[in-house]
Number of protein chains: 4
Amino acid sequence: MVIVLNSLASTEQIEKLKQELENYGCSVWPTYGKFQTILGIVGDTGKLDRDYLLSKHYVEKVLSVQEPYKKANRTFHPENTVIRAGSETIGGNQLAIIAGPCSVESQEQIVGIAQEVKAAGAGFLRGGAFKPRSSPYSFQGMQQEGLELLKLAREATGLPIVTEIMSVKQLEDHHEDIDVIQIGARNMQNFDLLKAAGQIEKPILLKRGLSATIEELLMSAEYIMAGGNENVVLCERGIRTFETYTRNTLDLSAVLAIKRLSHLPVIVDPSHAAGLWWMVESLSKAAVAVGADGVIIEVHQDPSNAKCDGQQSIKPERFTALMQSLRAIAHIENRTL
Amino acid sequence: MVIVLNSLASTEQIEKLKQELENYGCSVWPTYGKFQTILGIVGDTGKLDRDYLLSKHYVEKVLSVQEPYKKANRTFHPENTVIRAGSETIGGNQLAIIAGPCSVESQEQIVGIAQEVKAAGAGFLRGGAFKPRSSPYSFQGMQQEGLELLKLAREATGLPIVTEIMSVKQLEDHHEDIDVIQIGARNMQNFDLLKAAGQIEKPILLKRGLSATIEELLMSAEYIMAGGNENVVLCERGIRTFETYTRNTLDLSAVLAIKRLSHLPVIVDPSHAAGLWWMVESLSKAAVAVGADGVIIEVHQDPSNAKCDGQQSIKPERFTALMQSLRAIAHIENRTL
Amino acid sequence: MVIVLNSLASTEQIEKLKQELENYGCSVWPTYGKFQTILGIVGDTGKLDRDYLLSKHYVEKVLSVQEPYKKANRTFHPENTVIRAGSETIGGNQLAIIAGPCSVESQEQIVGIAQEVKAAGAGFLRGGAFKPRSSPYSFQGMQQEGLELLKLAREATGLPIVTEIMSVKQLEDHHEDIDVIQIGARNMQNFDLLKAAGQIEKPILLKRGLSATIEELLMSAEYIMAGGNENVVLCERGIRTFETYTRNTLDLSAVLAIKRLSHLPVIVDPSHAAGLWWMVESLSKAAVAVGADGVIIEVHQDPSNAKCDGQQSIKPERFTALMQSLRAIAHIENRTL
Amino acid sequence: MVIVLNSLASTEQIEKLKQELENYGCSVWPTYGKFQTILGIVGDTGKLDRDYLLSKHYVEKVLSVQEPYKKANRTFHPENTVIRAGSETIGGNQLAIIAGPCSVESQEQIVGIAQEVKAAGAGFLRGGAFKPRSSPYSFQGMQQEGLELLKLAREATGLPIVTEIMSVKQLEDHHEDIDVIQIGARNMQNFDLLKAAGQIEKPILLKRGLSATIEELLMSAEYIMAGGNENVVLCERGIRTFETYTRNTLDLSAVLAIKRLSHLPVIVDPSHAAGLWWMVESLSKAAVAVGADGVIIEVHQDPSNAKCDGQQSIKPERFTALMQSLRAIAHIENRTL
């Protein structure tokens with residue numbers, strides 16, 4: 001950590017601050033300039049509170065040198081983490097392909113899609129039972145009934161199920177039934193939910209918030225890991241920018257940044273990023289080419305009559321064709337599907 | 001609502017869509033162009049699902065003409081809403097001044113600040129008991145004990161208390177003790193929490209999310225109101241942009257937009273917006289000048305030793321001086337403090 | 001075009017506006033709702049001025065249905081445009097690979113790099129002679145001397161040269177010497193420069209501005225094309241967002257959007273987007289996978305001693321290896337390098 | 001400046017880098033940590049090139065401690081700069097009120113508005129002769145003829161004229177006729193134009209780019225000042241964000257930031273920021289309350305028939321009323337109009 005003091009800082013204050021920092025077990029190396037004094041600080045700076053330091057009026061800036069997350073940090077855990085869910089893994093050499101409808105609508109629908117995506121080579125089934133909707137007047141998902149149908153689809157295909165929960169209560173009630181528990185973009189900083197997710201053992205698929213920095217995403221992962229659950233998969237799903245042609249702007253550089261900063265697996269959601277079905281295939285290929293550990297894709301038999309997100313869903317036959325291309329690109333990168 | 005069809009749309013599809021829309025009780029007026037057909041739709045378009053329409057591949061665009069919120073909409077409720085909390089109001093001619101520390105730290109601290117801000121003319125006491133922090137390793141607030149201290153401060157001064165709750169459980173356990181319940185920026189789209197807030201009668205102070213549009217903020221208010229609680233106060237607290245000098249970019253135009261679109265009161269939080277104590281006074285003046293219904297300001301006796309947000313807190317003596325300026329600006333706008 | 005009138009609009013005003021629009025050769029189809037009147041307008045709406053319509057206080061919204069660009073619009077020009085530069089093309093089945101240093105530093109440097117990238121399979125040489133720098137105290141490029149060295153490198157290798165000009169004067173003085181003239185992100189809306197570029201015949205490589213929408217980029221292309229020069233290549237080079245880990249956020253969805261909206265070729269600049277050399281290879285692969293018509297990559301023999309942008313340049317040997325991967329991915333998409 | 005080295009840095013490399021930095025006249029103070037070495041650097045760090053340092057692969061981060069601008073920097077010039085234009089000043093105790101139409105349309109129009117805004121108390125007349133328009137098909141201004149009409153309006157009222165030039169040629173041809181030369185947002189990093197503006201003595205009104213950081217705005221001012229022209233007025237005119245209700249998001253915190261970082265005057269343009277006439281008055285009041293040195297406001301006798309920007313122009317009678325409010329708010333801040 002580096003603390004820059006402004007010209008208001010007296011020798012006394014500098015000395016006092018130095019001592020305070022040393023009491024935290026850090027060692028402090030000052031640089032005296034004409035207009036500023038710079039304190040270089042090494043040691044266990046994790047205990048230092050940036051905000052507390054900034055609140056001193058003779059402190060101009062606090063520059064972080066080390067990342068504020070530990071358990072999620074690659075520095076202290078150089079090997080890639082591989083997460084198990086049912087018979088599948090996420091983060092290893094094999095890419096995780098998660099596919100299915102935005103929301104569960106009926107037994108016929110979800111079992112049918114599950115069979116089709118399995119036949120095409122998907123490793124996981126996605127499907128929403130509890131749906132976060134920006135309008136209180138929109139379809140809110142089939143709730144518990146939807147979850148029961150997902151279980152039937154799992155039984156029929158063997159595919160582990162990935163589904164979102166939106167509250168601590170839902171997590172407590174249903175975590176045993178779900179193979180990979182999704183925490184959505186809007187809940188990325190729902191800290192009570194993150195803490196609860198830290199208390200269970202099931203893999204958590206944590207989506208990046210609409211305007212979350214990469215560091216904030218990793219700090220949210222840290223919340224879960226600090227509670228004891230280290231099975232966290234991160235998901236880039238587009239960020240909010242000034243561009244309105246696409247629903248969000250898919251940030252594929254984030255995949256590279258996260259893989260450098262952290263050992264956790266990262267997957268990409270091209271469906272929610274673009275919000276446009278005809279972009280999904282090309283963006284999926286780009287995601288595999290850039291080095292993501294998998295993709296999560298919305299597939300629906302009849303997008304025009306889907307209960308939600310039809311405009312970003314592709315049909316099973318397109319998904320099947322897409323799998324061929326993904327396999328070929330993965331092969332170039334020495335990975336498998 | 002306006003639906004733009006692309007050149008793929010067959011006469012048959014257009015006719016079928018027209019009928020479907022009319023079945024929803026809407027009337028449909030088509031405009032036939034060379035490359036596109038435009039459908040103008042009036043009537044109860046609130047029941048139409050934008051996403052569902054977009055999922056049809058012959059639909060190019062769906063343009064909303066009417067706002068998707070009803071209860072929060074000024075069109076159907078032209079008068080300003082005035083909300084009561086204890087003996088105070090928010091949204092009337094008198095500005096609501098909410099002041100206090102980021103977090104409750106001790107009885108002496110919170111009662112002391114409450115007395116100082118009351119003497120300066122504040123109408124409400126703020127103070128955090130449950131703190132949303134981006135790091136799991138940061139101080140998380142005094143929790144229930146902090147709430148008890150807030151109640152003591154209320155007893156000592158008569159000031160209604162404004163404090164954040166972060167989960168459905170906290171809301172259920174504590175809503176009776178709090179005068180104005182804050183839902184923070186990070187929970188603006190925590191829909192389960194919004195639904196729960198709709199089930200109580202206490203005023204809700206709903207903060208705009210870091211990257212929430214004005215429409216999304218109003219839709220979140222609609223969630224609460226649709227549940228039955230119409231006592232919603234909105235709060236502009238800065239949005240996330242590319243500029244990093246300030247923590248967030250305070251969007252004062254949003255106050256004007258919200259007051260045109262909605263009848264709900266809007267206040268401004270200059271402390272969290274800028275994240276810099278020396279900007280708070282000037283931004284507060286601008287907020288009053290622009291026409292906000294109040295401000296929420298962080299005040300601390302000893303910012304350099306505050307447990308959180310010291311860098312954005314001002315001292316009681318500055319707050320007292322600021323009140324004089326705010327009073328004078330309010331007077332120009334024919335409002336009172 | 002759709003014009004939404006608010007409740008202030010009188011029957012007289014609506015009639016007058018209708019007539020005015022018809023005088024422009026448009027036909028107007030009104031939809032009368034309870035709170036609003038909607039005018040659907042078809043015909044030659046290109047002559048209508050959105051701002052002029054919005055200035056009427058009884059006009060609530062003006063919704064564009066058709067794109068405001070014509071010459072750049074795929075609707076009126078369904079075939080992909082293929083642009084010739086020297087013996088090379090951009091926009092056809094073969095991908096355009098443009099490589100070279102940020103700036104020309106010496107004859108040895110530029111000729112050396114030109115030979116290396118040519119050997120690896122690049123089709124064009126890039127190199128800056130006139131450099132836009134955010135600080136007046138930074139190296140501003142070798143200017144005219146740099147251009148002479150680029151010509152020597154072209155002579156030595158046969159590679160067409162791609163270089164930026166920053167002003168009308170530079171364009172007039174040097175356009176005959178350059179094969180592809182780059183207009184940089186900061187000049188994307190330097191309208192005088194765009195107009196001047198419309199007066200020549202050389203291909204223009206137009207980079208997207210840091211916060212330019214896709215529509216604005218296409219409107220800037222339209223400026224050049226309206227002047228008579230239809231040889232425009234567009235370049236996605238990252239946009240400015242709240243994320244600061246990368247210099248900009250590469251928006252690969254923009255490639256897909258542009259290719260749907262326009263017939264012009266689109267290439268990707270991963271070097272300027274990320275600003276980090278270790279991301280360049282993976283982002284280049286993603287660009288090819290998503291369907292870009294080429295990439296422009298910074299290559300330098302000794303990045304640590306480059307006069308600019310060393311942190312985003314890769315070494316020739318890495319570039320050579322990258323070409324193998326790009327070739328393989330292009331092959332999957334039935335394209336060649 | 002602080003340079004953070006990663007674990008790849010060898011003792012030899014550190015020593016070599018240290019020497020190199022010392023050769024630039026800097027002194028280097030190292031801090032040795034377990035995972036990183038931190039170099040604190042003081043002295044004339046202005047000569048050091050951030051990009052050059054970052055290009056070394058053993059350099060992890062370069063953290064700036066000092067601002068990269070000198071002439072614009074308040075540290076070296078603590079007093080506010082007051083700029084003279086005709087008989088008026090910008091930056092002193094008296095606020096600069098600049099008013100007039102978006103573009104000059106006729107002699108009657110511009111002289112008429114000039115007389116009205118002068119009567120209301122404005123100190124400067126604005127009016128566009130050369131118009132930057134995003135569409136090549138939109139009205140481009142009356143060009144030189146418009147400039148002649150502005151001169152007539154100046155003659156008739158004595159008001160100094162503020163108008164935009166868009167190219168080096170226009171600057172050379174017309175700078176003697178203009179009292180305050182505006183460089184628009186889209187040209188904020190047109191470096192050739194900035195350099196040319198540095199060669200004259202007339203005041204330059206430099207507008208913040210749509211996505212320019214405060215530091216970049218100050219660096220563009222530095223370009224002009226480095227050339228010898230220190231008469232620079234900065235203008236906050238809204239930045240591009242995800243919010244689309246307003247054309248741009250007015251960033252009033254930027255006024256406070258700029259006044260702390262620089263001695264140059266800062267004014268606010270509420271018309272272009274919001275793009276909505278009914279927000280202009282309230283935002284102007286907020287600008288004065290926050291401490292801006294003036295405002296620039298679009299005024300038109302007949303906004304519904306204005307040739308451009310009618311939707312953001314207010315009528316003379318509203319402007320006159322607004323001046324009363326601004327005067328009262330200025331008075332509270334001990335300033336005059």
# chains A, B, ... in the order shown; residues from 1 in each chain; ligands from 1
$ closest_atom_pairs --of "chain C" --to "chain B" --cutoff "8 Å" --atoms "only C-alpha atoms" --output "tab-separated table"
residue	atom	partner	partner_atom	distance
C:Val2	CA	B:Val2	CA	8.0
C:Val4	CA	B:Val65	CA	7.1
C:Trp29	CA	B:Thr31	CA	5.9
C:Pro30	CA	B:Trp29	CA	7.8
C:Thr31	CA	B:Trp29	CA	6.0
C:Tyr32	CA	B:Val42	CA	7.4
C:Gly33	CA	B:Val42	CA	5.3
C:Lys34	CA	B:Gly43	CA	7.5
C:Ile38	CA	B:Gly40	CA	6.8
C:Gly40	CA	B:Thr31	CA	6.0
C:Ile41	CA	B:Thr31	CA	7.4
C:Val42	CA	B:Gly33	CA	5.3
C:Gly43	CA	B:Gly33	CA	6.7
C:Leu63	CA	B:Leu63	CA	7.4
C:Val65	CA	B:Val4	CA	7.1
C:Arg240	CA	B:Phe242	CA	6.7
C:Thr241	CA	B:Phe242	CA	5.3
C:Phe242	CA	B:Phe242	CA	4.3
C:Glu243	CA	B:Phe242	CA	7.5
$ select_by_dssp --residues "range 31-227 of chain D" --states "strand (DSSP E)" --output "VMD selection string"
chain D and resid 31 to 32 37 to 43 59 to 63 83 to 85 88 to 90 96 to 100 124 to 126 161 to 164 180 to 183 204 to 207
$ residues_around --residues "Pro132 in chain A" --least-positions-apart "2" --cutoff "10 Å" --atoms "only C-alpha atoms" --output "JSON, numbers by chain"
{"A": [128, 129, 130, 134, 135, 136, 138, 139, 140, 141, 164, 165, 166, 184, 185, 186, 187], "B": [189, 190, 191, 192]}
$ residues_around --residues "Ala122 in chain C" --least-positions-apart "5" --cutoff "9 Å" --atoms "only C-alpha atoms" --output "ChimeraX atom specification"
/C:96-99,114,116-117,159,323,337
$ write_last_selection --atoms "all heavy atoms" --output "PDB file, in the first residue's frame"
ATOM      1  N   ALA C  96      -8.004  -9.156 -43.157  1.00  0.00           N
ATOM      2  CA  ALA C  96      -6.920  -8.179 -43.258  1.00  0.00           C
ATOM      3  C   ALA C  96      -6.146  -8.158 -41.949  1.00  0.00           C
ATOM      4  O   ALA C  96      -6.723  -7.913 -40.895  1.00  0.00           O
ATOM      5  CB  ALA C  96      -7.517  -6.798 -43.536  1.00  0.00           C
ATOM      6  N   ILE C  97      -4.863  -8.450 -42.044  1.00  0.00           N
ATOM      7  CA  ILE C  97      -4.023  -8.429 -40.847  1.00  0.00           C
ATOM      8  C   ILE C  97      -3.064  -7.248 -40.975  1.00  0.00           C
ATOM      9  O   ILE C  97      -2.206  -7.231 -41.870  1.00  0.00           O
ATOM     10  CB  ILE C  97      -3.237  -9.739 -40.668  1.00  0.00           C
ATOM     11  CG1 ILE C  97      -4.167 -10.965 -40.753  1.00  0.00           C
ATOM     12  CG2 ILE C  97      -2.457  -9.714 -39.348  1.00  0.00           C
ATOM     13  CD1 ILE C  97      -5.161 -11.111 -39.639  1.00  0.00           C
ATOM     14  N   ILE C  98      -3.231  -6.289 -40.085  1.00  0.00           N
ATOM     15  CA  ILE C  98      -2.425  -5.070 -40.112  1.00  0.00           C
ATOM     16  C   ILE C  98      -1.540  -5.105 -38.879  1.00  0.00           C
ATOM     17  O   ILE C  98      -2.044  -5.263 -37.766  1.00  0.00           O
ATOM     18  CB  ILE C  98      -3.336  -3.822 -40.079  1.00  0.00           C
ATOM     19  CG1 ILE C  98      -4.408  -3.912 -41.188  1.00  0.00           C
ATOM     20  CG2 ILE C  98      -2.533  -2.544 -40.177  1.00  0.00           C
ATOM     21  CD1 ILE C  98      -5.485  -2.830 -41.098  1.00  0.00           C
ATOM     22  N   ALA C  99      -0.237  -4.977 -39.064  1.00  0.00           N
ATOM     23  CA  ALA C  99       0.651  -5.079 -37.904  1.00  0.00           C
ATOM     24  C   ALA C  99       1.802  -4.108 -38.039  1.00  0.00           C
ATOM     25  O   ALA C  99       2.166  -3.703 -39.142  1.00  0.00           O
ATOM     26  CB  ALA C  99       1.171  -6.516 -37.779  1.00  0.00           C
ATOM     27  N   ALA C 114       8.607  -4.429 -40.516  1.00  0.00           N
ATOM     28  CA  ALA C 114       7.828  -4.702 -41.732  1.00  0.00           C
ATOM     29  C   ALA C 114       8.206  -6.073 -42.291  1.00  0.00           C
ATOM     30  O   ALA C 114       7.339  -6.871 -42.669  1.00  0.00           O
ATOM     31  CB  ALA C 114       8.074  -3.608 -42.767  1.00  0.00           C
ATOM     32  N   GLU C 116       9.509  -8.608 -40.674  1.00  0.00           N
ATOM     33  CA  GLU C 116       9.081  -9.688 -39.781  1.00  0.00           C
ATOM     34  C   GLU C 116       7.588  -9.957 -39.880  1.00  0.00           C
ATOM     35  O   GLU C 116       7.152 -11.105 -39.941  1.00  0.00           O
ATOM     36  CB  GLU C 116       9.477  -9.381 -38.340  1.00  0.00           C
ATOM     37  CG  GLU C 116      10.994  -9.274 -38.168  1.00  0.00           C
ATOM     38  CD  GLU C 116      11.449  -9.776 -36.813  1.00  0.00           C
ATOM     39  OE1 GLU C 116      11.145 -10.930 -36.459  1.00  0.00           O
ATOM     40  OE2 GLU C 116      12.103  -8.993 -36.094  1.00  0.00           O
ATOM     41  N   VAL C 117       6.771  -8.901 -39.872  1.00  0.00           N
ATOM     42  CA  VAL C 117       5.321  -9.153 -39.917  1.00  0.00           C
ATOM     43  C   VAL C 117       4.910  -9.679 -41.292  1.00  0.00           C
ATOM     44  O   VAL C 117       3.988 -10.477 -41.409  1.00  0.00           O
ATOM     45  CB  VAL C 117       4.464  -7.923 -39.504  1.00  0.00           C
ATOM     46  CG1 VAL C 117       4.816  -7.483 -38.069  1.00  0.00           C
ATOM     47  CG2 VAL C 117       4.581  -6.764 -40.469  1.00  0.00           C
ATOM     48  N   LEU C 159       4.343  -4.163 -48.597  1.00  0.00           N
ATOM     49  CA  LEU C 159       3.139  -4.034 -47.762  1.00  0.00           C
ATOM     50  C   LEU C 159       2.548  -2.635 -47.893  1.00  0.00           C
ATOM     51  O   LEU C 159       3.260  -1.632 -47.740  1.00  0.00           O
ATOM     52  CB  LEU C 159       3.479  -4.272 -46.287  1.00  0.00           C
ATOM     53  CG  LEU C 159       3.907  -5.676 -45.867  1.00  0.00           C
ATOM     54  CD1 LEU C 159       4.220  -5.686 -44.360  1.00  0.00           C
ATOM     55  CD2 LEU C 159       2.823  -6.704 -46.173  1.00  0.00           C
ATOM     56  N   MET C 323      -0.375 -15.809 -35.526  1.00  0.00           N
ATOM     57  CA  MET C 323      -0.909 -15.966 -36.883  1.00  0.00           C
ATOM     58  C   MET C 323      -1.375 -17.409 -37.133  1.00  0.00           C
ATOM     59  O   MET C 323      -2.363 -17.635 -37.833  1.00  0.00           O
ATOM     60  CB  MET C 323       0.142 -15.546 -37.915  1.00  0.00           C
ATOM     61  CG  MET C 323       0.366 -14.040 -37.976  1.00  0.00           C
ATOM     62  SD  MET C 323      -1.075 -13.093 -38.574  1.00  0.00           S
ATOM     63  CE  MET C 323      -0.908 -13.349 -40.354  1.00  0.00           C
ATOM     64  N   LEU C 337      -6.591 -16.305 -44.226  1.00  0.00           N
ATOM     65  CA  LEU C 337      -5.745 -15.214 -43.767  1.00  0.00           C
ATOM     66  C   LEU C 337      -4.908 -14.714 -44.953  1.00  0.00           C
ATOM     67  O   LEU C 337      -4.039 -13.911 -44.840  1.00  0.00           O
ATOM     68  CB  LEU C 337      -4.828 -15.714 -42.653  1.00  0.00           C
ATOM     69  CG  LEU C 337      -4.834 -14.896 -41.374  1.00  0.00           C
ATOM     70  CD1 LEU C 337      -6.198 -14.921 -40.717  1.00  0.00           C
ATOM     71  CD2 LEU C 337      -3.781 -15.420 -40.412  1.00  0.00           C
TER      72      LEU C 337
END
$ residues_around --residues "Val111 in chain B" --least-positions-apart "4" --cutoff "8 Å" --atoms "only C-alpha atoms" --output "list in words"
Gln107, Gln115, Leu149, Leu150, Leu152, Ala153 and Ala156 of chain B
$ atom_distance --atom1 "CA of Ile200 in chain A" --atom2 "CA of Asp44 in chain A"
29.0 Å
$ closest_residue --among "B:Leu217, B:Leu171, B:Ala120, B:Leu261" --to "Ala321 in chain B" --atoms "only C-alpha atoms"
B:Ala120
$ residues_around --residues "Ala221 in chain A" --least-positions-apart "4" --cutoff "8 Å" --atoms "only C-alpha atoms" --output "VMD selection string"
chain A and resid 72 206 217 225 232 234
$ select_by_dssp --residues "range 209-324 of chain B" --states "alpha helix (DSSP H)" --output "ChimeraX atom specification"
/B:214-226,253-261,270-274,277-290,316-324
$ atom_distance --atom1 "CA of Ala273 in chain C" --atom2 "CA of Arg247 in chain C"
6.4 Å
$ atom_distance --atom1 "CA of Pro270 in chain D" --atom2 "CA of Arg318 in chain D"
14.6 Å
$ closest_residue --among "A:Ala287, A:Ile314, A:Val280, A:Ile161" --to "Ala330 in chain A" --atoms "only C-alpha atoms"
A:Ala287
$ decode --residues "range 279-294 of chain B" --atoms "N, CA and C atoms" --output "PDB file, in the first residue's frame"
ATOM      1  N   MET B 279     -16.616  18.317  -0.704  1.00  0.00           N
ATOM      2  CA  MET B 279     -17.610  18.614  -1.744  1.00  0.00           C
ATOM      3  C   MET B 279     -19.039  18.655  -1.183  1.00  0.00           C
ATOM      4  N   VAL B 280     -19.226  18.116   0.008  1.00  0.00           N
ATOM      5  CA  VAL B 280     -20.585  17.890   0.511  1.00  0.00           C
ATOM      6  C   VAL B 280     -21.390  19.184   0.639  1.00  0.00           C
ATOM      7  N   GLU B 281     -20.753  20.222   1.133  1.00  0.00           N
ATOM      8  CA  GLU B 281     -21.511  21.461   1.363  1.00  0.00           C
ATOM      9  C   GLU B 281     -21.991  22.070   0.030  1.00  0.00           C
ATOM     10  N   SER B 282     -21.090  22.203  -0.920  1.00  0.00           N
ATOM     11  CA  SER B 282     -21.476  22.810  -2.200  1.00  0.00           C
ATOM     12  C   SER B 282     -22.517  21.964  -2.932  1.00  0.00           C
ATOM     13  N   LEU B 283     -22.359  20.649  -2.881  1.00  0.00           N
ATOM     14  CA  LEU B 283     -23.332  19.795  -3.565  1.00  0.00           C
ATOM     15  C   LEU B 283     -24.700  19.840  -2.869  1.00  0.00           C
ATOM     16  N   SER B 284     -24.700  20.000  -1.561  1.00  0.00           N
ATOM     17  CA  SER B 284     -25.976  20.136  -0.847  1.00  0.00           C
ATOM     18  C   SER B 284     -26.701  21.398  -1.300  1.00  0.00           C
ATOM     19  N   LYS B 285     -25.960  22.475  -1.439  1.00  0.00           N
ATOM     20  CA  LYS B 285     -26.573  23.727  -1.897  1.00  0.00           C
ATOM     21  C   LYS B 285     -27.153  23.541  -3.304  1.00  0.00           C
ATOM     22  N   ALA B 286     -26.392  22.885  -4.155  1.00  0.00           N
ATOM     23  CA  ALA B 286     -26.877  22.647  -5.518  1.00  0.00           C
ATOM     24  C   ALA B 286     -28.133  21.786  -5.508  1.00  0.00           C
ATOM     25  N   ALA B 287     -28.181  20.820  -4.600  1.00  0.00           N
ATOM     26  CA  ALA B 287     -29.354  19.935  -4.518  1.00  0.00           C
ATOM     27  C   ALA B 287     -30.597  20.724  -4.136  1.00  0.00           C
ATOM     28  N   VAL B 288     -30.439  21.637  -3.199  1.00  0.00           N
ATOM     29  CA  VAL B 288     -31.586  22.456  -2.796  1.00  0.00           C
ATOM     30  C   VAL B 288     -31.954  23.400  -3.937  1.00  0.00           C
ATOM     31  N   ALA B 289     -30.956  23.972  -4.582  1.00  0.00           N
ATOM     32  CA  ALA B 289     -31.238  24.898  -5.686  1.00  0.00           C
ATOM     33  C   ALA B 289     -31.951  24.210  -6.842  1.00  0.00           C
ATOM     34  N   VAL B 290     -31.645  22.933  -7.060  1.00  0.00           N
ATOM     35  CA  VAL B 290     -32.234  22.240  -8.203  1.00  0.00           C
ATOM     36  C   VAL B 290     -33.673  21.808  -7.913  1.00  0.00           C
ATOM     37  N   GLY B 291     -34.026  21.787  -6.622  1.00  0.00           N
ATOM     38  CA  GLY B 291     -35.414  21.488  -6.291  1.00  0.00           C
ATOM     39  C   GLY B 291     -35.649  20.161  -5.585  1.00  0.00           C
ATOM     40  N   ALA B 292     -34.597  19.576  -4.996  1.00  0.00           N
ATOM     41  CA  ALA B 292     -34.771  18.325  -4.256  1.00  0.00           C
ATOM     42  C   ALA B 292     -35.660  18.571  -3.038  1.00  0.00           C
ATOM     43  N   ASP B 293     -36.290  17.507  -2.548  1.00  0.00           N
ATOM     44  CA  ASP B 293     -37.146  17.617  -1.380  1.00  0.00           C
ATOM     45  C   ASP B 293     -36.373  17.475  -0.075  1.00  0.00           C
ATOM     46  N   GLY B 294     -35.076  17.340  -0.173  1.00  0.00           N
ATOM     47  CA  GLY B 294     -34.286  17.209   1.037  1.00  0.00           C
ATOM     48  C   GLY B 294     -32.905  16.684   0.722  1.00  0.00           C
TER      49      GLY B 294
END
